[in-house]
Structure formats: structure tokens, C-alpha cells
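Right, one structure below, let's go through it.
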Amino acid sequence: MTNVLWLQGGACSGNTMSFLNAEEPTACDLIADFGINILWHPSLGIQLGDNLQDMLWRCALGRITVDILVFEGSVVNAPNGTGEWNRFANRPMKDWLRDLSKSAKYVVAIGDCATWGGIPAMSPNPSESQGLQFLKRDKGGFLGPDYVSKTGYPVINIPGCPAHPDWITQILVAIATGRIKDIALDDLQRPQTFFSTYTQTGCTRNIHFAYKATTAEFGQRKGCLFYDLGCRGPMTHSSCNRILWNRVSSKTRAGMPCLGCTEPEFPFYDLQPGTVFKTQTIMGVPKEIPPGVSHKDYAVLTVVAKDTAPKWADEDFFLV
Ligand code: SF4
């Protein structure tokens, strides 16, 4: 039996919705096949009433084993560092988090708000939000840079806005079955198995990207979204086009640019007008280009690509 305690900070519940959509394995499979016991989850109807506080105290004091503490949402420190009062838990959530993180065997941050601070931590950050161990790309999160759980692990970060459903359930299963030791974390503490490749890996528009065949309209099946609509697929670490959402699609497959939501800088440019869904350029060359490519080489490459593009590079391959 693996006890999972799922708590929420400053959150929209998007990661809970994502979790409930998981398919391999499903949330029900976790319970039926992998011995996961959900001690508490704010949306799953395990209503403990006043007993919630009692249970949380028993978890914090080690009388109930917390194998996995899952946190969704940012750590809210406002007002003035005191933390937001949680009416269910009868205490600011950050106080529970500090106590429970000491007794948990593993701590898993789900979604951008819990990993990096996310949208709540956007300037001027009135909620004084932080991620669990990071604030943006720096280790300036609530639990501190040196935090490790009882098993010696730092916070395991599963970012995304929301995180992909199967990333969540597969990491919970990996912990429950002891296979987490085979999964390396990257320098941002993300499981490499999901975050070593780019969103562009597996995108159906790669051939359009290669020949600089663009689209400036959402929802089109042809054309790459990088040149006009600000797609961040070439610069974003995620497996969204390898492990499809609902096993069917992804943003870029549906004609929606990748917004880079698994990276700590999300939301990029603090969502300033004119920065979303629009490629930022300097003298016609995108400001941000695939990592490892120089701007000079990129400019040459795209001129050649455009000049040599065959007619079919502008066609809709899926029209039959
Ligand atoms: S749509 Fe985005 S992810 Fe797909 S090929 Fe173009 S830039 Fe890459």
C-alpha cells in the first residue's frame, strides 16, 4: 500500500482535471492495480470534515505514513508572509506543507505553479507565490535549495500548465513500484524520461518547419506555427508529441502553438500584450531559435530552406 496525500495551494485545479483524464494508467488503475491509497485529495470526494485536520496532524507526526506528498498550485505566502488561511485544513497551507514535507518519503510538485511558481508568481506577484523548490529557474522555492525528502530525493518536478495526465500517473506508479530509482532527473528535477526531448519531437509539422512553410492561422493542418504564431516547440522540453494527449492529439497537431509551459520562464514575457501567439523577431529573424543554432547559421539555413522548398511543402498532407 502506498499512501498518497494530495494538497493544493494557489491553484485552478487544472492538474487535478488532467490527473482524472489519465489513460496509461488511469487514476482508478492506481488504486485497483498499483496499491495506491489516496489519503486525501481536495476534489475527489474523500470528505473527512473536521477529521481532515486530525489526519493531517497524524501524517505530520509520522503516525500515518505519507509515502508521496503531491502538491498542486503555488505556495502562497501572502498576506505579508503569513500564508493564505485554508478553511478545510484550518491552517495556512504553507504551514502544513512545511510540516508534511518533513515526514513525506517523496514530494512531487505537479504543474507549473507548484514547480516554478507559474502564473500566480508573475510580476508583481501579489500572492507572494513560490514553487516548492524553485522560483522560475532558480532554486528559490519555499522548501529551500537543500530540501530532500525522507528518502533523500529533492522535490520531483512535473511541470506543465497543466501537466500531462500520464506523466502524473506514471511517476506515481514508478514511486509505488520502486522504479523511480531508474528514472534520472534533469537539472530542473524533471524526470528525464518525459523532458529530455523537445515538444517538436514528433510534431506533424516538422517538414513545414524544415522548409519554412508557415501558417498565420490557428487550427490549420498545414504550415509550421513557429514563424508567425510564436510556437515554442523547438525550445521546450516536453513529450507532448511523443505521448499524445488523450492518446489522440497535441496542441501543435491541433493547430495551436506550443506556449512553452514546461519551462520555468512560463508564462513568457509575463503575457504582455503582443507577446502571446506572436513570434518575437529582430529584423525579421526570430529572437529565440532552436538551442545550439547560431543566429547567423539560422538566417542562412532558412533562406536556403525557403528557396529550395518543394511545392508540396505548402500542402495539407492530411487532406484525402
Ligand atoms: S508547429 Fe511548433 S513544434 Fe511543430 S514543427 Fe512547427 S515549431 Fe516545431
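Please note that chains go A, B, ... in the order of the C-alpha cells, that every chain numbers its residues from 1, and that ligands are numbered from 1 in the order shown.
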Neighbours of ligand 1 at 7 Å or closer, counting only C-alpha atoms and all ligand atoms: which residues, as a PDB file with N, CA, C and O atoms, in the first residue's frame?
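pocket07.pdb written:
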ATOM      1  N   THR A 199       9.305  19.486 -27.536  1.00  0.00           N
ATOM      2  CA  THR A 199       7.912  19.365 -27.987  1.00  0.00           C
ATOM      3  C   THR A 199       7.870  19.109 -29.498  1.00  0.00           C
ATOM      4  O   THR A 199       6.984  18.428 -30.011  1.00  0.00           O
ATOM      5  N   GLN A 200       8.848  19.652 -30.178  1.00  0.00           N
ATOM      6  CA  GLN A 200       8.886  19.488 -31.637  1.00  0.00           C
ATOM      7  C   GLN A 200       9.110  18.031 -32.056  1.00  0.00           C
ATOM      8  O   GLN A 200       8.720  17.648 -33.167  1.00  0.00           O
ATOM      9  N   CYS A 203       6.312  16.224 -33.826  1.00  0.00           N
ATOM     10  CA  CYS A 203       5.286  17.137 -34.351  1.00  0.00           C
ATOM     11  C   CYS A 203       5.050  16.838 -35.832  1.00  0.00           C
ATOM     12  O   CYS A 203       6.000  16.636 -36.602  1.00  0.00           O
ATOM     13  N   THR A 204       3.803  16.827 -36.241  1.00  0.00           N
ATOM     14  CA  THR A 204       3.463  16.509 -37.634  1.00  0.00           C
ATOM     15  C   THR A 204       3.843  17.646 -38.590  1.00  0.00           C
ATOM     16  O   THR A 204       3.731  17.495 -39.802  1.00  0.00           O
ATOM     17  N   ARG A 205       4.270  18.776 -38.035  1.00  0.00           N
ATOM     18  CA  ARG A 205       4.591  19.933 -38.891  1.00  0.00           C
ATOM     19  C   ARG A 205       6.091  20.080 -39.131  1.00  0.00           C
ATOM     20  O   ARG A 205       6.533  21.096 -39.678  1.00  0.00           O
ATOM     21  N   ASN A 206       6.877  19.096 -38.741  1.00  0.00           N
ATOM     22  CA  ASN A 206       8.324  19.228 -38.869  1.00  0.00           C
ATOM     23  C   ASN A 206       8.774  19.509 -40.298  1.00  0.00           C
ATOM     24  O   ASN A 206       9.718  20.265 -40.516  1.00  0.00           O
ATOM     25  N   HIS A 208       7.146  21.142 -42.539  1.00  0.00           N
ATOM     26  CA  HIS A 208       6.842  22.557 -42.814  1.00  0.00           C
ATOM     27  C   HIS A 208       7.890  23.447 -42.140  1.00  0.00           C
ATOM     28  O   HIS A 208       8.299  24.469 -42.688  1.00  0.00           O
ATOM     29  N   PHE A 209       8.302  23.043 -40.931  1.00  0.00           N
ATOM     30  CA  PHE A 209       9.352  23.793 -40.227  1.00  0.00           C
ATOM     31  C   PHE A 209      10.630  23.789 -41.066  1.00  0.00           C
ATOM     32  O   PHE A 209      11.263  24.830 -41.277  1.00  0.00           O
ATOM     33  N   CYS A 224       3.928  25.509 -40.455  1.00  0.00           N
ATOM     34  CA  CYS A 224       4.529  25.483 -39.116  1.00  0.00           C
ATOM     35  C   CYS A 224       4.098  26.727 -38.343  1.00  0.00           C
ATOM     36  O   CYS A 224       3.933  27.809 -38.913  1.00  0.00           O
ATOM     37  N   LEU A 225       3.945  26.569 -37.045  1.00  0.00           N
ATOM     38  CA  LEU A 225       3.436  27.647 -36.192  1.00  0.00           C
ATOM     39  C   LEU A 225       4.563  28.506 -35.601  1.00  0.00           C
ATOM     40  O   LEU A 225       4.308  29.428 -34.836  1.00  0.00           O
ATOM     41  N   PHE A 226       5.804  28.169 -35.965  1.00  0.00           N
ATOM     42  CA  PHE A 226       6.969  28.832 -35.366  1.00  0.00           C
ATOM     43  C   PHE A 226       7.203  30.241 -35.923  1.00  0.00           C
ATOM     44  O   PHE A 226       7.544  31.156 -35.188  1.00  0.00           O
ATOM     45  N   CYS A 231       5.218  29.637 -31.906  1.00  0.00           N
ATOM     46  CA  CYS A 231       5.324  28.293 -31.327  1.00  0.00           C
ATOM     47  C   CYS A 231       6.695  28.108 -30.671  1.00  0.00           C
ATOM     48  O   CYS A 231       7.729  28.425 -31.258  1.00  0.00           O
ATOM     49  N   ARG A 232       6.693  27.583 -29.441  1.00  0.00           N
ATOM     50  CA  ARG A 232       7.935  27.365 -28.698  1.00  0.00           C
ATOM     51  C   ARG A 232       8.370  25.902 -28.731  1.00  0.00           C
ATOM     52  O   ARG A 232       9.239  25.489 -27.963  1.00  0.00           O
ATOM     53  N   GLY A 233       7.768  25.116 -29.627  1.00  0.00           N
ATOM     54  CA  GLY A 233       8.086  23.687 -29.702  1.00  0.00           C
ATOM     55  C   GLY A 233       9.560  23.361 -29.838  1.00  0.00           C
ATOM     56  O   GLY A 233      10.043  22.422 -29.219  1.00  0.00           O
ATOM     57  N   PRO A 234      10.323  24.133 -30.627  1.00  0.00           N
ATOM     58  CA  PRO A 234      11.743  23.780 -30.777  1.00  0.00           C
ATOM     59  C   PRO A 234      12.577  24.104 -29.540  1.00  0.00           C
ATOM     60  O   PRO A 234      13.720  23.674 -29.446  1.00  0.00           O
ATOM     61  N   THR A 252       0.132  21.324 -30.995  1.00  0.00           N
ATOM     62  CA  THR A 252       0.610  21.664 -32.344  1.00  0.00           C
ATOM     63  C   THR A 252      -0.119  20.847 -33.399  1.00  0.00           C
ATOM     64  O   THR A 252      -0.344  21.325 -34.507  1.00  0.00           O
ATOM     65  N   PRO A 257      -0.157  26.880 -31.208  1.00  0.00           N
ATOM     66  CA  PRO A 257       1.270  26.921 -30.905  1.00  0.00           C
ATOM     67  C   PRO A 257       1.578  26.425 -29.486  1.00  0.00           C
ATOM     68  O   PRO A 257       0.789  26.641 -28.573  1.00  0.00           O
ATOM     69  N   CYS A 258       2.726  25.778 -29.352  1.00  0.00           N
ATOM     70  CA  CYS A 258       3.225  25.425 -28.012  1.00  0.00           C
ATOM     71  C   CYS A 258       3.593  26.721 -27.298  1.00  0.00           C
ATOM     72  O   CYS A 258       4.265  27.581 -27.868  1.00  0.00           O
TER      73      CYS A 258
END
Can you list every residue in region 25-264 of chain A that DSSP puts in alpha helix (DSSP H), as number ranges by chain? A: 27-34, 51-60, 93-103, 111-116, 165-176, 192-195, 206-210
Residue contacts of Pro25 (chain A) (9 Å, only C-alpha atoms) excluding same-chain residues fewer than 2 positions away, as a list in words: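 Counting only the stated atoms, we get Ala22, Glu23, Ala27, Cys28, Asp29, Leu30, Asp166, Thr169, Gln170 and Val173 of chain A.
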Output the selection as a short mmCIF file (atom, residue, chain, number, x, y, z; two decimals), in the first residue's frame - C-alpha atoms for each residue.
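And here is the file that came out, result.cif:
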data_model
loop_
_atom_site.label_atom_id
_atom_site.label_comp_id
_atom_site.auth_asym_id
_atom_site.auth_seq_id
_atom_site.Cartn_x
_atom_site.Cartn_y
_atom_site.Cartn_z
CA ALA A 22 -5.04 9.88 -17.34
CA GLU A 23 -5.20 6.80 -19.52
CA ALA A 27 -6.43 7.21 -11.76
CA CYS A 28 -8.60 4.15 -10.99
CA ASP A 29 -5.79 1.80 -12.05
CA LEU A 30 -3.58 3.41 -9.44
CA ASP A 166 0.12 10.24 -17.94
CA THR A 169 0.16 8.75 -13.03
CA GLN A 170 3.32 7.14 -14.42
CA VAL A 173 3.39 4.29 -10.24
#
Take CA of Asp138 (chain A) and CA of Gly10 (chain A) and report the distance between them in Å, one decimal. 19.7 Å
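Atom to atom, CA of Lys136 (chain A) and CA of Glu288 (chain A) stand 18.3 Å apart.
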Find the residues near Val303 (chain A): any atom within 12 Å, counting only C-alpha atoms, skip ones fewer than 3 places away on the same chain, and give them as number ranges by chain. A: 210-213, 284-285, 296-300, 306-309
Limited to C-alpha atoms, could you put the picked residues into a file as an mmCIF file, in the first residue's frame?
data_model
loop_
_atom_site.group_PDB
_atom_site.id
_atom_site.type_symbol
_atom_site.label_atom_id
_atom_site.label_comp_id
_atom_site.auth_asym_id
_atom_site.auth_seq_id
_atom_site.Cartn_x
_atom_site.Cartn_y
_atom_site.Cartn_z
ATOM 1 C CA ALA A 210 12.261 22.470 -42.295
ATOM 2 C CA TYR A 211 11.135 24.298 -45.449
ATOM 3 C CA LYS A 212 9.974 27.419 -43.619
ATOM 4 C CA ALA A 213 6.406 26.885 -44.758
ATOM 5 C CA GLY A 284 12.757 39.526 -39.395
ATOM 6 C CA VAL A 285 14.736 36.802 -37.583
ATOM 7 C CA LYS A 296 23.837 33.640 -38.338
ATOM 8 C CA ASP A 297 23.596 29.968 -39.309
ATOM 9 C CA TYR A 298 19.862 30.046 -38.718
ATOM 10 C CA ALA A 299 19.401 33.005 -41.092
ATOM 11 C CA VAL A 300 21.392 31.239 -43.835
ATOM 12 C CA LYS A 306 12.682 28.738 -48.311
ATOM 13 C CA ASP A 307 14.397 28.934 -51.715
ATOM 14 C CA THR A 308 14.569 25.163 -52.124
ATOM 15 C CA ALA A 309 11.134 24.334 -50.723
#
Close residues, Arg91 (chain A) itself excluded, 12 Å, only C-alpha atoms, min 5 positions apart in chain, as a ChimeraX atom specification: /A:52-54,56-57,82-86,96-99
